[in-house]
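Trainee: Following this message is one structure expressed as structure tokens.
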Amino acid sequence: MVPMAAYEHLVKSYDIRDLPDDIASADPPAYLRRCFAEGCSAPLLSWSRVQQLAVCAMALDAVVNDRDFEIFEHELIADWRIHYASACAKLKDTAVQALRRVLERDRPEDPDAAAELEHLASTLAA
């Protein structure tokens, strides 16, 4: 289980309670694809959008790299692994691109949050 502390600076002040449900109520791979596409193409992302992108990347990491984050319900991620692992695996490159774009253009002012974003990008890229 990956503790929330692993990305505490990145997601502090972001209310993630509804995001997993929002992703689940949509087609999860399509939702994540849209989020990462926006991260790649938007000329500027607000801090809350950067945080949303990071949480989506964490969800993708949970599915494709079999990580359990304490912020996600275990049963939900387990279900996504069964039904969406293949589709989600195809999103890794786009997710990494989006995270790197944020680091280049919208780098968080908090150095700890920036380091966590870099770690998340490298974890997905591996």
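Letters for chains follow the order of the structure tokens (A, B, ...), residue numbers begin at 1 for each chain, and ligand numbers begin at 1 in the order shown.
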I'd like the contact shell of stretch 29-34 of chain A - 7 Å cut-off, only C-alpha atoms, skipping same-chain residues fewer than 3 positions apart - returned as a list in words.
Mentor: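 Counting only C-alpha atoms, the residues come to Ile23, Ala26, Ala37, Glu38, Cys56, Tyr84, Ala87, Cys88 and Leu91 of chain A.
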Trainee: For stretch 42-53 of chain A, please output as a list of chain:residue names all residues within 7 Å (counting only C-alpha atoms; exclusion window: fewer than 2 positions along the same chain).
Mentor: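 Listed by chain and then number, they are A:Leu10, A:Val11, A:Tyr14, A:Cys35, A:Phe36, A:Glu38, A:Gly39, A:Cys40, A:Val55, A:Cys56, A:Ala57, A:Asp106.
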Trainee: So that I have them on file, write out the residues from the current selection with all heavy atoms, as an mmCIF file, in the first residue's frame.
Mentor:
```
data_model
loop_
_atom_site.group_PDB
_atom_site.id
_atom_site.type_symbol
_atom_site.label_atom_id
_atom_site.label_comp_id
_atom_site.auth_asym_id
_atom_site.auth_seq_id
_atom_site.Cartn_x
_atom_site.Cartn_y
_atom_site.Cartn_z
ATOM 1 N N LEU A 10 1.857 17.140 -3.284
ATOM 2 C CA LEU A 10 1.231 17.260 -4.598
ATOM 3 C C LEU A 10 -0.282 17.362 -4.509
ATOM 4 O O LEU A 10 -0.904 18.112 -5.256
ATOM 5 C CB LEU A 10 1.639 16.060 -5.455
ATOM 6 C CG LEU A 10 1.295 16.089 -6.920
ATOM 7 C CD1 LEU A 10 1.835 17.338 -7.599
ATOM 8 C CD2 LEU A 10 1.864 14.854 -7.604
ATOM 9 N N VAL A 11 -0.874 16.625 -3.596
ATOM 10 C CA VAL A 11 -2.337 16.594 -3.538
ATOM 11 C C VAL A 11 -2.932 17.274 -2.305
ATOM 12 O O VAL A 11 -4.142 17.261 -2.129
ATOM 13 C CB VAL A 11 -2.888 15.154 -3.671
ATOM 14 C CG1 VAL A 11 -2.535 14.571 -5.017
ATOM 15 C CG2 VAL A 11 -2.405 14.265 -2.550
ATOM 16 N N TYR A 14 -6.238 19.407 -2.280
ATOM 17 C CA TYR A 14 -7.094 18.953 -3.380
ATOM 18 C C TYR A 14 -8.080 17.934 -2.832
ATOM 19 O O TYR A 14 -7.685 16.932 -2.246
ATOM 20 C CB TYR A 14 -6.262 18.327 -4.503
ATOM 21 C CG TYR A 14 -7.079 17.927 -5.707
ATOM 22 C CD1 TYR A 14 -7.624 18.892 -6.541
ATOM 23 C CD2 TYR A 14 -7.314 16.591 -6.000
ATOM 24 C CE1 TYR A 14 -8.381 18.538 -7.644
ATOM 25 C CE2 TYR A 14 -8.061 16.235 -7.107
ATOM 26 C CZ TYR A 14 -8.593 17.209 -7.916
ATOM 27 O OH TYR A 14 -9.343 16.855 -9.020
ATOM 28 N N CYS A 35 -8.141 13.475 -19.636
ATOM 29 C CA CYS A 35 -7.366 14.217 -18.645
ATOM 30 C C CYS A 35 -5.918 14.391 -19.117
ATOM 31 O O CYS A 35 -5.364 15.486 -19.073
ATOM 32 C CB CYS A 35 -7.417 13.495 -17.301
ATOM 33 S SG CYS A 35 -6.525 14.353 -15.986
ATOM 34 N N PHE A 36 -5.314 13.305 -19.599
ATOM 35 C CA PHE A 36 -3.928 13.369 -20.051
ATOM 36 C C PHE A 36 -3.799 14.182 -21.339
ATOM 37 O O PHE A 36 -2.820 14.910 -21.519
ATOM 38 C CB PHE A 36 -3.355 11.966 -20.240
ATOM 39 C CG PHE A 36 -3.383 11.134 -18.984
ATOM 40 C CD1 PHE A 36 -3.692 9.787 -19.032
ATOM 41 C CD2 PHE A 36 -3.118 11.693 -17.735
ATOM 42 C CE1 PHE A 36 -3.725 9.008 -17.884
ATOM 43 C CE2 PHE A 36 -3.144 10.929 -16.573
ATOM 44 C CZ PHE A 36 -3.450 9.583 -16.655
ATOM 45 N N GLU A 38 -5.653 16.723 -22.152
ATOM 46 C CA GLU A 38 -5.705 18.126 -21.729
ATOM 47 C C GLU A 38 -4.363 18.551 -21.135
ATOM 48 O O GLU A 38 -3.876 19.654 -21.403
ATOM 49 C CB GLU A 38 -6.807 18.352 -20.701
ATOM 50 C CG GLU A 38 -6.861 19.787 -20.213
ATOM 51 C CD GLU A 38 -7.826 20.032 -19.069
ATOM 52 O OE1 GLU A 38 -8.482 19.090 -18.599
ATOM 53 O OE2 GLU A 38 -7.906 21.205 -18.651
ATOM 54 N N GLY A 39 -3.761 17.683 -20.367
ATOM 55 C CA GLY A 39 -2.453 17.986 -19.782
ATOM 56 C C GLY A 39 -1.384 18.203 -20.828
ATOM 57 O O GLY A 39 -0.478 19.012 -20.640
ATOM 58 N N CYS A 40 -1.497 17.497 -21.944
ATOM 59 C CA CYS A 40 -0.526 17.643 -23.035
ATOM 60 C C CYS A 40 -0.781 18.886 -23.872
ATOM 61 O O CYS A 40 0.157 19.507 -24.371
ATOM 62 C CB CYS A 40 -0.574 16.417 -23.950
ATOM 63 S SG CYS A 40 0.103 14.922 -23.234
ATOM 64 N N VAL A 55 -3.599 13.002 -9.743
ATOM 65 C CA VAL A 55 -4.438 11.939 -9.173
ATOM 66 C C VAL A 55 -4.837 10.940 -10.268
ATOM 67 O O VAL A 55 -4.843 9.728 -10.032
ATOM 68 C CB VAL A 55 -5.662 12.521 -8.443
ATOM 69 C CG1 VAL A 55 -6.621 11.420 -7.999
ATOM 70 C CG2 VAL A 55 -5.214 13.334 -7.237
ATOM 71 N N CYS A 56 -5.133 11.426 -11.457
ATOM 72 C CA CYS A 56 -5.426 10.514 -12.572
ATOM 73 C C CYS A 56 -4.208 9.652 -12.890
ATOM 74 O O CYS A 56 -4.337 8.453 -13.159
ATOM 75 C CB CYS A 56 -5.875 11.304 -13.802
ATOM 76 S SG CYS A 56 -7.549 11.968 -13.680
ATOM 77 N N ALA A 57 -3.024 10.250 -12.845
ATOM 78 C CA ALA A 57 -1.798 9.479 -13.074
ATOM 79 C C ALA A 57 -1.582 8.445 -11.975
ATOM 80 O O ALA A 57 -1.124 7.330 -12.235
ATOM 81 C CB ALA A 57 -0.601 10.423 -13.176
ATOM 82 N N ASP A 106 4.281 24.355 -16.259
ATOM 83 C CA ASP A 106 3.467 24.718 -15.098
ATOM 84 C C ASP A 106 4.055 24.127 -13.820
ATOM 85 O O ASP A 106 3.318 23.701 -12.935
ATOM 86 C CB ASP A 106 2.018 24.217 -15.268
ATOM 87 C CG ASP A 106 1.364 24.733 -16.532
ATOM 88 O OD1 ASP A 106 1.447 25.943 -16.778
ATOM 89 O OD2 ASP A 106 0.775 23.919 -17.260
#
```
Trainee: Could you give me the residues within chain A that DSSP places in alpha helix (DSSP H), as a VMD selection string?
Mentor: chain A and resid 8 to 11 19 to 25 28 to 41 47 to 64 74 to 89 92 to 105 111 to 125
Trainee: As a ChimeraX atom specification, please: the residues near A:Asp112 (cut-off 12 Å, only C-alpha atoms, same-chain neighbours under 4 positions excluded).
Mentor: /A:5-12,107-108,116-119
Trainee: Restrict the selected residues to N, CA, C and O atoms and save them as an mmCIF file, in the first residue's frame.
Mentor:
```cif
data_model
loop_
_atom_site.group_PDB
_atom_site.id
_atom_site.type_symbol
_atom_site.label_atom_id
_atom_site.label_comp_id
_atom_site.auth_asym_id
_atom_site.auth_seq_id
_atom_site.Cartn_x
_atom_site.Cartn_y
_atom_site.Cartn_z
ATOM 1 N N ALA A 5 1.126 9.895 2.100
ATOM 2 C CA ALA A 5 2.301 10.732 2.367
ATOM 3 C C ALA A 5 3.276 10.729 1.196
ATOM 4 O O ALA A 5 4.043 11.671 1.024
ATOM 5 N N ALA A 6 3.236 9.694 0.368
ATOM 6 C CA ALA A 6 4.134 9.621 -0.785
ATOM 7 C C ALA A 6 3.914 10.793 -1.738
ATOM 8 O O ALA A 6 4.836 11.203 -2.436
ATOM 9 N N TYR A 7 2.714 11.325 -1.780
ATOM 10 C CA TYR A 7 2.396 12.451 -2.665
ATOM 11 C C TYR A 7 1.664 13.552 -1.908
ATOM 12 O O TYR A 7 0.851 14.270 -2.479
ATOM 13 N N GLU A 8 1.982 13.696 -0.639
ATOM 14 C CA GLU A 8 1.228 14.631 0.199
ATOM 15 C C GLU A 8 1.339 16.080 -0.252
ATOM 16 O O GLU A 8 0.374 16.837 -0.171
ATOM 17 N N HIS A 9 2.485 16.513 -0.733
ATOM 18 C CA HIS A 9 2.635 17.906 -1.155
ATOM 19 C C HIS A 9 1.915 18.165 -2.470
ATOM 20 O O HIS A 9 1.435 19.261 -2.720
ATOM 21 N N LEU A 10 1.857 17.140 -3.284
ATOM 22 C CA LEU A 10 1.231 17.260 -4.598
ATOM 23 C C LEU A 10 -0.282 17.362 -4.509
ATOM 24 O O LEU A 10 -0.904 18.112 -5.256
ATOM 25 N N VAL A 11 -0.874 16.625 -3.596
ATOM 26 C CA VAL A 11 -2.337 16.594 -3.538
ATOM 27 C C VAL A 11 -2.932 17.274 -2.305
ATOM 28 O O VAL A 11 -4.142 17.261 -2.129
ATOM 29 N N LYS A 12 -2.073 17.889 -1.489
ATOM 30 C CA LYS A 12 -2.646 18.607 -0.337
ATOM 31 C C LYS A 12 -3.520 19.737 -0.878
ATOM 32 O O LYS A 12 -3.260 20.291 -1.935
ATOM 33 N N ARG A 107 5.372 24.085 -13.752
ATOM 34 C CA ARG A 107 6.054 23.450 -12.617
ATOM 35 C C ARG A 107 5.515 23.998 -11.287
ATOM 36 O O ARG A 107 5.428 25.206 -11.101
ATOM 37 N N PRO A 108 5.158 23.114 -10.380
ATOM 38 C CA PRO A 108 4.684 23.572 -9.074
ATOM 39 C C PRO A 108 5.742 24.432 -8.377
ATOM 40 O O PRO A 108 6.935 24.144 -8.457
ATOM 41 N N GLU A 116 7.647 15.281 -6.200
ATOM 42 C CA GLU A 116 6.658 14.192 -6.216
ATOM 43 C C GLU A 116 6.108 13.990 -7.625
ATOM 44 O O GLU A 116 5.892 12.850 -8.046
ATOM 45 N N LEU A 117 5.896 15.073 -8.351
ATOM 46 C CA LEU A 117 5.412 14.974 -9.730
ATOM 47 C C LEU A 117 6.466 14.296 -10.613
ATOM 48 O O LEU A 117 6.135 13.451 -11.446
ATOM 49 N N GLU A 118 7.723 14.654 -10.409
ATOM 50 C CA GLU A 118 8.811 14.002 -11.143
ATOM 51 C C GLU A 118 8.862 12.503 -10.833
ATOM 52 O O GLU A 118 9.044 11.683 -11.726
ATOM 53 N N HIS A 119 8.685 12.167 -9.563
ATOM 54 C CA HIS A 119 8.692 10.754 -9.161
ATOM 55 C C HIS A 119 7.535 10.003 -9.815
ATOM 56 O O HIS A 119 7.717 8.887 -10.313
#
```
Trainee: Choose the residue, out of A:Leu19, A:Ala54, A:Leu76, A:Leu60, that has the smallest atom-to-atom separation from A:Ala113; count only C-alpha atoms.
Mentor: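 Closest to A:Ala113, using only C-alpha atoms: A:Ala54.
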Trainee: In Å, how far is it from atom CA of A:Val63 to atom CA of A:Trp80?
Mentor: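 Calculated distance between atom CA of A:Val63 and atom CA of A:Trp80 is 6.6 Å.
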Trainee: Identify, on the basis of only C-alpha atoms, every residue whose closest approach to A:Leu99 does not exceed 7 Å; exclude the query and any residue fewer than 4 positions from it along the same chain; express the result as a PyMOL selection string.
Mentor: chain A and resi 95+103+121
Trainee: Excluding same-chain residues fewer than 3 positions from A:Ala126, what lies within 10 Å of it counting only C-alpha atoms, as a list in words?
Mentor: Asn65, Lys92, Val96, Ala121, Ser122 and Thr123 of chain A
